[in-house]
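*Asks:* Pasting in a structure now, in structure tokens, and then I'll have a few things to ask.
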Amino acid sequence: MKKVLLFDLDDTLLDFKAAEAYGLEKVFTRYGVPYTPAKIANYQTINHKLWQQYEAGKIPREGITGERFPRFFAAEGIDANGLLAEDAYRTYLGEAKKEIPGARALLTQLQADYELCLVTNGVAQTQKARLANTGFGAFFSHVFISEELACQKPDPRFFQQVVAALPHYQKAEMLVIGDSLTSDIQGGQDSQIETVWFNPRREKATIAPTFEIHALKDLPNLLQKIS
């Protein structure tokens with residue numbers, strides 16, 4: 001029987017794509033960069049490559065936050081301080097509040113019967129601001145953030161620290177729930193914890209999760225079936 005639900009945050013409970021768009025538009029406007037598909041794509045290419053290097057353990061977290069806007073400004077020929085732009089971007093991300101449909105209702109329903117924990121890659125200050133601004137932080141007994149754990153999903157060391165902080169539960173009583181195959185699902189598998197892939201776009205799985213749902217409202221029924 002599952003007793004502990006380990007929820008991812010970005011694009012599982014809170015809409016990170018919307019937050020990213022909000023933050024980027026604010027930063028671009030602040031620095032006089034046209035908010036066009038081409039400019040957005042250029043930034044996202046730079047950001048994605050840095051994230052890939054980070055998740056592969058090739059660069060530290062600071063390699064993302066300290067490089068993406070400086071590299072973007074350099075590529076665009078913009079004379080501006082990329083580190084100050086990063087600080088502004090992090091503030092704007094923390095302000096964004098758009099939720100994945102059904103997220104609040106789901107957490108409200110589940111909190112009476114399960115211990116809810118958050119497992120997220122990200123900058124601690126930003127993630128905590130988002131949890132505070134949405135009120136989602138109140139649902140979780142533990143909040144595990146990669147920056148504070150000094151490792152990120154799918155690194156087994158991340159989940160080792162999660163398990164160690166929950167000594168009254170066995171791994172068999174835990175369930176990882178998230179949208180990322182390479183982060184949440186791979187991380188759970190590598191740590192011998194069953195997983196639920198939240199796949200609203202019905203994409204093809206490249207890593208086989210234990211379970212799969214297409215809407216958050218489907219999770220309670222799944223939990224009943226596997227109890």
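Note on naming: chains are A, B, ... as they come in the structure tokens, residues start from 1 per chain, ligands start from 1 in the order shown.
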Taking 5 positions as the minimum chain separation for residues in the same chain, which residues sit within 12 Å of A:Leu131 when counting only C-alpha atoms? Answer as a CSV table (one decimal) with N, CA and C atoms, in the first residue's frame.
*Replies:*
chain,number,residue,atom,x,y,z
A,9,LEU,N,7.3,19.2,-9.1
A,9,LEU,CA,6.6,20.4,-9.1
A,9,LEU,C,6.3,21.0,-10.5
A,10,ASP,N,7.4,21.2,-11.2
A,10,ASP,CA,7.3,21.9,-12.5
A,10,ASP,C,6.6,21.0,-13.6
A,13,LEU,N,2.5,20.0,-11.0
A,13,LEU,CA,1.6,20.7,-10.2
A,13,LEU,C,1.5,22.2,-10.6
A,14,LEU,N,2.6,22.8,-10.9
A,14,LEU,CA,2.6,24.2,-11.4
A,14,LEU,C,3.1,24.2,-12.8
A,93,LEU,N,10.0,34.4,-12.1
A,93,LEU,CA,9.5,33.1,-12.0
A,93,LEU,C,8.8,32.8,-10.7
A,94,GLY,N,9.3,33.4,-9.6
A,94,GLY,CA,8.7,33.2,-8.3
A,94,GLY,C,7.3,33.8,-8.2
A,95,GLU,N,7.0,34.8,-9.1
A,95,GLU,CA,5.7,35.5,-9.1
A,95,GLU,C,4.7,34.7,-9.8
A,96,ALA,N,5.1,33.8,-10.7
A,96,ALA,CA,4.1,33.1,-11.6
A,96,ALA,C,3.3,32.1,-10.8
A,97,LYS,N,2.0,32.0,-11.0
A,97,LYS,CA,1.1,31.2,-10.2
A,97,LYS,C,0.2,30.2,-10.9
A,98,LYS,N,0.4,30.1,-12.2
A,98,LYS,CA,-0.5,29.2,-13.0
A,98,LYS,C,-0.3,27.8,-12.6
A,99,GLU,N,-1.4,27.2,-12.3
A,99,GLU,CA,-1.4,25.8,-11.8
A,99,GLU,C,-1.8,24.8,-12.9
A,104,ARG,N,-4.6,21.7,-7.3
A,104,ARG,CA,-5.0,22.0,-6.0
A,104,ARG,C,-6.1,21.1,-5.4
A,118,LEU,N,7.4,16.9,-1.7
A,118,LEU,CA,7.8,17.5,-3.0
A,118,LEU,C,9.2,17.2,-3.3
A,120,THR,N,11.9,18.2,-6.3
A,120,THR,CA,12.0,19.1,-7.4
A,120,THR,C,13.4,19.5,-7.7
A,124,ALA,N,16.5,26.9,-5.0
A,124,ALA,CA,15.6,26.8,-3.8
A,124,ALA,C,14.8,28.1,-3.6
A,125,GLN,N,15.5,29.2,-3.7
A,125,GLN,CA,14.8,30.5,-3.5
A,125,GLN,C,13.6,30.6,-4.4
A,126,THR,N,13.7,30.3,-5.7
A,126,THR,CA,12.6,30.4,-6.6
A,126,THR,C,11.5,29.4,-6.3
A,136,PHE,N,0.8,26.3,-2.1
A,136,PHE,CA,1.0,24.9,-2.3
A,136,PHE,C,2.0,24.3,-1.2
A,137,GLY,N,2.8,25.1,-0.6
A,137,GLY,CA,3.8,24.6,0.3
A,137,GLY,C,3.1,24.0,1.5
A,138,ALA,N,1.9,24.4,1.9
A,138,ALA,CA,1.2,23.9,3.0
A,138,ALA,C,0.7,22.5,2.9
A,139,PHE,N,0.7,22.0,1.7
A,139,PHE,CA,0.3,20.6,1.5
A,139,PHE,C,1.4,19.6,1.8
A,140,PHE,N,2.7,20.0,1.9
A,140,PHE,CA,3.8,19.0,1.9
A,140,PHE,C,4.5,19.0,3.3
A,143,VAL,N,9.9,19.2,1.7
A,143,VAL,CA,10.2,19.8,0.4
A,143,VAL,C,11.6,19.5,0.1
A,145,ILE,N,14.6,19.9,-2.5
A,145,ILE,CA,15.0,20.8,-3.7
A,145,ILE,C,16.4,20.4,-4.0
*Asks:* As number ranges by chain, list the residues of stretch 48-126 of chain A assigned to helix (DSSP H, G or I) by DSSP on the backbone atoms of this structure.
*Replies:* A: 48-55, 62-65, 68-76, 82-95, 103-110, 124-126
*Asks:* Can you spit out the residues from that selection as a CSV table (one decimal), in the first residue's frame, using N, CA and C atoms?
*Replies:*
chain,number,residue,atom,x,y,z
A,48,HIS,N,18.5,24.9,-22.8
A,48,HIS,CA,18.4,23.4,-22.8
A,48,HIS,C,19.7,22.7,-22.8
A,49,LYS,N,20.7,23.2,-23.6
A,49,LYS,CA,22.0,22.6,-23.6
A,49,LYS,C,22.6,22.7,-22.2
A,50,LEU,N,22.5,23.8,-21.6
A,50,LEU,CA,23.1,23.9,-20.2
A,50,LEU,C,22.4,22.9,-19.2
A,51,TRP,N,21.1,22.8,-19.3
A,51,TRP,CA,20.4,21.9,-18.5
A,51,TRP,C,20.8,20.4,-18.7
A,52,GLN,N,21.0,20.1,-20.0
A,52,GLN,CA,21.4,18.7,-20.3
A,52,GLN,C,22.8,18.5,-19.7
A,53,GLN,N,23.7,19.4,-19.7
A,53,GLN,CA,25.0,19.3,-19.1
A,53,GLN,C,24.9,19.1,-17.6
A,54,TYR,N,24.0,19.9,-17.0
A,54,TYR,CA,23.8,19.8,-15.6
A,54,TYR,C,23.3,18.5,-15.2
A,55,GLU,N,22.2,18.0,-15.8
A,55,GLU,CA,21.6,16.7,-15.5
A,55,GLU,C,22.6,15.5,-15.7
A,62,GLU,N,25.2,26.3,-10.9
A,62,GLU,CA,25.6,27.7,-11.2
A,62,GLU,C,26.0,27.8,-12.7
A,63,GLY,N,26.3,26.7,-13.3
A,63,GLY,CA,26.7,26.7,-14.7
A,63,GLY,C,25.5,27.1,-15.6
A,64,ILE,N,24.3,26.8,-15.1
A,64,ILE,CA,23.1,27.2,-15.8
A,64,ILE,C,22.7,28.7,-15.5
A,65,THR,N,22.5,29.0,-14.2
A,65,THR,CA,22.1,30.3,-13.9
A,65,THR,C,23.1,31.4,-14.1
A,68,ARG,N,23.4,31.3,-18.8
A,68,ARG,CA,22.4,31.3,-19.9
A,68,ARG,C,22.1,32.7,-20.4
A,69,PHE,N,21.9,33.7,-19.5
A,69,PHE,CA,21.7,35.0,-20.1
A,69,PHE,C,22.9,35.7,-20.6
A,70,PRO,N,24.1,35.5,-19.9
A,70,PRO,CA,25.3,36.0,-20.6
A,70,PRO,C,25.5,35.5,-22.0
A,71,ARG,N,25.3,34.2,-22.2
A,71,ARG,CA,25.5,33.6,-23.5
A,71,ARG,C,24.4,34.1,-24.5
A,72,PHE,N,23.2,34.2,-24.0
A,72,PHE,CA,22.1,34.7,-24.8
A,72,PHE,C,22.4,36.1,-25.3
A,73,PHE,N,22.8,37.0,-24.4
A,73,PHE,CA,23.1,38.4,-24.7
A,73,PHE,C,24.3,38.4,-25.7
A,74,ALA,N,25.3,37.6,-25.5
A,74,ALA,CA,26.4,37.6,-26.4
A,74,ALA,C,26.0,37.2,-27.8
A,75,ALA,N,25.2,36.1,-27.8
A,75,ALA,CA,24.7,35.6,-29.1
A,75,ALA,C,23.9,36.6,-29.9
A,76,GLU,N,23.2,37.4,-29.1
A,76,GLU,CA,22.3,38.4,-29.8
A,76,GLU,C,23.0,39.8,-29.9
A,82,GLY,N,24.2,39.9,-18.0
A,82,GLY,CA,23.4,38.7,-17.9
A,82,GLY,C,23.2,38.2,-16.5
A,83,LEU,N,24.0,38.5,-15.6
A,83,LEU,CA,23.8,38.0,-14.2
A,83,LEU,C,22.7,38.8,-13.6
A,84,LEU,N,22.6,40.1,-13.9
A,84,LEU,CA,21.5,40.9,-13.3
A,84,LEU,C,20.2,40.5,-14.0
A,85,ALA,N,20.3,40.1,-15.3
A,85,ALA,CA,19.1,39.6,-16.0
A,85,ALA,C,18.6,38.3,-15.3
A,86,GLU,N,19.5,37.4,-14.9
A,86,GLU,CA,19.2,36.2,-14.3
A,86,GLU,C,18.5,36.4,-13.0
A,87,ASP,N,19.0,37.4,-12.2
A,87,ASP,CA,18.4,37.7,-10.9
A,87,ASP,C,16.9,38.2,-11.1
A,88,ALA,N,16.7,39.0,-12.1
A,88,ALA,CA,15.4,39.5,-12.4
A,88,ALA,C,14.5,38.4,-12.9
A,89,TYR,N,15.0,37.5,-13.7
A,89,TYR,CA,14.2,36.3,-14.2
A,89,TYR,C,13.8,35.5,-13.0
A,90,ARG,N,14.7,35.2,-12.1
A,90,ARG,CA,14.3,34.4,-10.9
A,90,ARG,C,13.2,35.0,-10.1
A,91,THR,N,13.2,36.3,-10.0
A,91,THR,CA,12.2,37.0,-9.3
A,91,THR,C,10.8,36.8,-10.0
A,92,TYR,N,10.9,37.0,-11.3
A,92,TYR,CA,9.6,36.9,-12.1
A,92,TYR,C,9.1,35.4,-12.1
A,93,LEU,N,10.0,34.4,-12.1
A,93,LEU,CA,9.5,33.1,-12.0
A,93,LEU,C,8.8,32.8,-10.7
A,94,GLY,N,9.3,33.4,-9.6
A,94,GLY,CA,8.7,33.2,-8.3
A,94,GLY,C,7.3,33.8,-8.2
A,95,GLU,N,7.0,34.8,-9.1
A,95,GLU,CA,5.7,35.5,-9.1
A,95,GLU,C,4.7,34.7,-9.8
A,103,ALA,N,-4.6,20.5,-10.0
A,103,ALA,CA,-3.6,20.2,-9.0
A,103,ALA,C,-4.0,20.5,-7.6
A,104,ARG,N,-4.6,21.7,-7.3
A,104,ARG,CA,-5.0,22.0,-6.0
A,104,ARG,C,-6.1,21.1,-5.4
A,105,ALA,N,-7.0,20.8,-6.2
A,105,ALA,CA,-8.1,19.8,-5.8
A,105,ALA,C,-7.5,18.5,-5.5
A,106,LEU,N,-6.5,18.0,-6.3
A,106,LEU,CA,-5.9,16.7,-6.0
A,106,LEU,C,-5.2,16.7,-4.7
A,107,LEU,N,-4.3,17.7,-4.5
A,107,LEU,CA,-3.6,17.7,-3.2
A,107,LEU,C,-4.5,17.8,-2.0
A,108,THR,N,-5.6,18.6,-2.1
A,108,THR,CA,-6.6,18.7,-1.1
A,108,THR,C,-7.2,17.4,-0.8
A,109,GLN,N,-7.5,16.7,-1.8
A,109,GLN,CA,-8.1,15.3,-1.6
A,109,GLN,C,-7.2,14.3,-1.0
A,110,LEU,N,-5.9,14.4,-1.4
A,110,LEU,CA,-5.0,13.3,-1.0
A,110,LEU,C,-4.4,13.5,0.4
A,124,ALA,N,16.5,26.9,-5.0
A,124,ALA,CA,15.6,26.8,-3.8
A,124,ALA,C,14.8,28.1,-3.6
A,125,GLN,N,15.5,29.2,-3.7
A,125,GLN,CA,14.8,30.5,-3.5
A,125,GLN,C,13.6,30.6,-4.4
A,126,THR,N,13.7,30.3,-5.7
A,126,THR,CA,12.6,30.4,-6.6
A,126,THR,C,11.5,29.4,-6.3
*Asks:* Enumerate the residues of chain A with a DSSP assignment of strand (DSSP E), computed from the backbone, and present them as a PyMOL selection string.
*Replies:* chain A and resi 4-7+115-120+142-145+174-178+194-198+211-213
*Asks:* Mind checking which residues fall within 12 Å of stretch 198-215 of chain A, counting only C-alpha atoms, ignoring those fewer than 3 positions away in the same chain, and posting them as a PDB file with C-alpha atoms, in the first residue's frame?
*Replies:*
ATOM      1  CA  PHE A   7       5.354  14.886  -6.289  1.00  0.00           C
ATOM      2  CA  ASP A   8       7.417  16.737  -8.846  1.00  0.00           C
ATOM      3  CA  LEU A   9       6.569  20.449  -9.055  1.00  0.00           C
ATOM      4  CA  ASP A  10       7.277  21.861 -12.515  1.00  0.00           C
ATOM      5  CA  ASP A  11       4.705  20.887 -15.140  1.00  0.00           C
ATOM      6  CA  THR A  12       3.229  18.362 -12.724  1.00  0.00           C
ATOM      7  CA  LEU A  13       1.583  20.716 -10.214  1.00  0.00           C
ATOM      8  CA  ILE A 100      -1.777  22.543 -13.739  1.00  0.00           C
ATOM      9  CA  PRO A 101      -5.538  21.891 -13.999  1.00  0.00           C
ATOM     10  CA  GLY A 102      -6.761  19.918 -11.017  1.00  0.00           C
ATOM     11  CA  ALA A 103      -3.565  20.220  -8.988  1.00  0.00           C
ATOM     12  CA  LEU A 106      -5.900  16.727  -6.035  1.00  0.00           C
ATOM     13  CA  LEU A 175       5.445   6.582  -5.246  1.00  0.00           C
ATOM     14  CA  VAL A 176       7.168   9.163  -7.462  1.00  0.00           C
ATOM     15  CA  ILE A 177       4.752  11.250  -9.558  1.00  0.00           C
ATOM     16  CA  GLY A 178       6.070  13.497 -12.292  1.00  0.00           C
ATOM     17  CA  ASP A 179       6.009  14.557 -15.925  1.00  0.00           C
ATOM     18  CA  SER A 180       9.679  13.994 -16.805  1.00  0.00           C
ATOM     19  CA  LEU A 181      10.801  10.582 -17.995  1.00  0.00           C
ATOM     20  CA  THR A 182      14.489  11.441 -17.692  1.00  0.00           C
ATOM     21  CA  SER A 183      14.219  13.081 -14.279  1.00  0.00           C
ATOM     22  CA  ASP A 184      11.258  11.724 -12.294  1.00  0.00           C
ATOM     23  CA  ILE A 185      10.709   8.322 -13.846  1.00  0.00           C
ATOM     24  CA  GLN A 186      14.374   7.462 -14.345  1.00  0.00           C
ATOM     25  CA  GLY A 187      15.154   8.719 -10.865  1.00  0.00           C
ATOM     26  CA  GLY A 188      12.484   6.564  -9.297  1.00  0.00           C
ATOM     27  CA  GLN A 189      13.543   3.498 -11.255  1.00  0.00           C
ATOM     28  CA  ASP A 190      17.202   3.912 -10.366  1.00  0.00           C
ATOM     29  CA  GLN A 192      13.804   1.211  -6.741  1.00  0.00           C
ATOM     30  CA  ILE A 193      10.738   3.370  -6.134  1.00  0.00           C
ATOM     31  CA  GLU A 194       7.639   2.871  -8.260  1.00  0.00           C
ATOM     32  CA  THR A 195       6.625   5.738 -10.527  1.00  0.00           C
ATOM     33  CA  ASP A 218      -6.923  10.079 -12.617  1.00  0.00           C
ATOM     34  CA  LEU A 219      -4.446   9.623  -9.765  1.00  0.00           C
ATOM     35  CA  PRO A 220      -6.903   8.842  -6.915  1.00  0.00           C
ATOM     36  CA  ASN A 221      -8.461   5.994  -8.899  1.00  0.00           C
ATOM     37  CA  LEU A 222      -5.020   4.608  -9.675  1.00  0.00           C
ATOM     38  CA  LEU A 223      -4.076   4.753  -6.005  1.00  0.00           C
ATOM     39  CA  LYS A 225      -6.404   0.126  -7.630  1.00  0.00           C
ATOM     40  CA  ILE A 226      -2.852  -0.417  -6.400  1.00  0.00           C
TER      41      ILE A 226
END
*Asks:* Using only C-alpha atoms, which of the listed residues (A:Asn47, A:Gln111, A:Lys2, A:Ala21) sits closest to A:Tyr35?
*Replies:*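 Comparing A:Asn47, A:Gln111, A:Lys2, A:Ala21 against A:Tyr35, the winner is A:Ala21.
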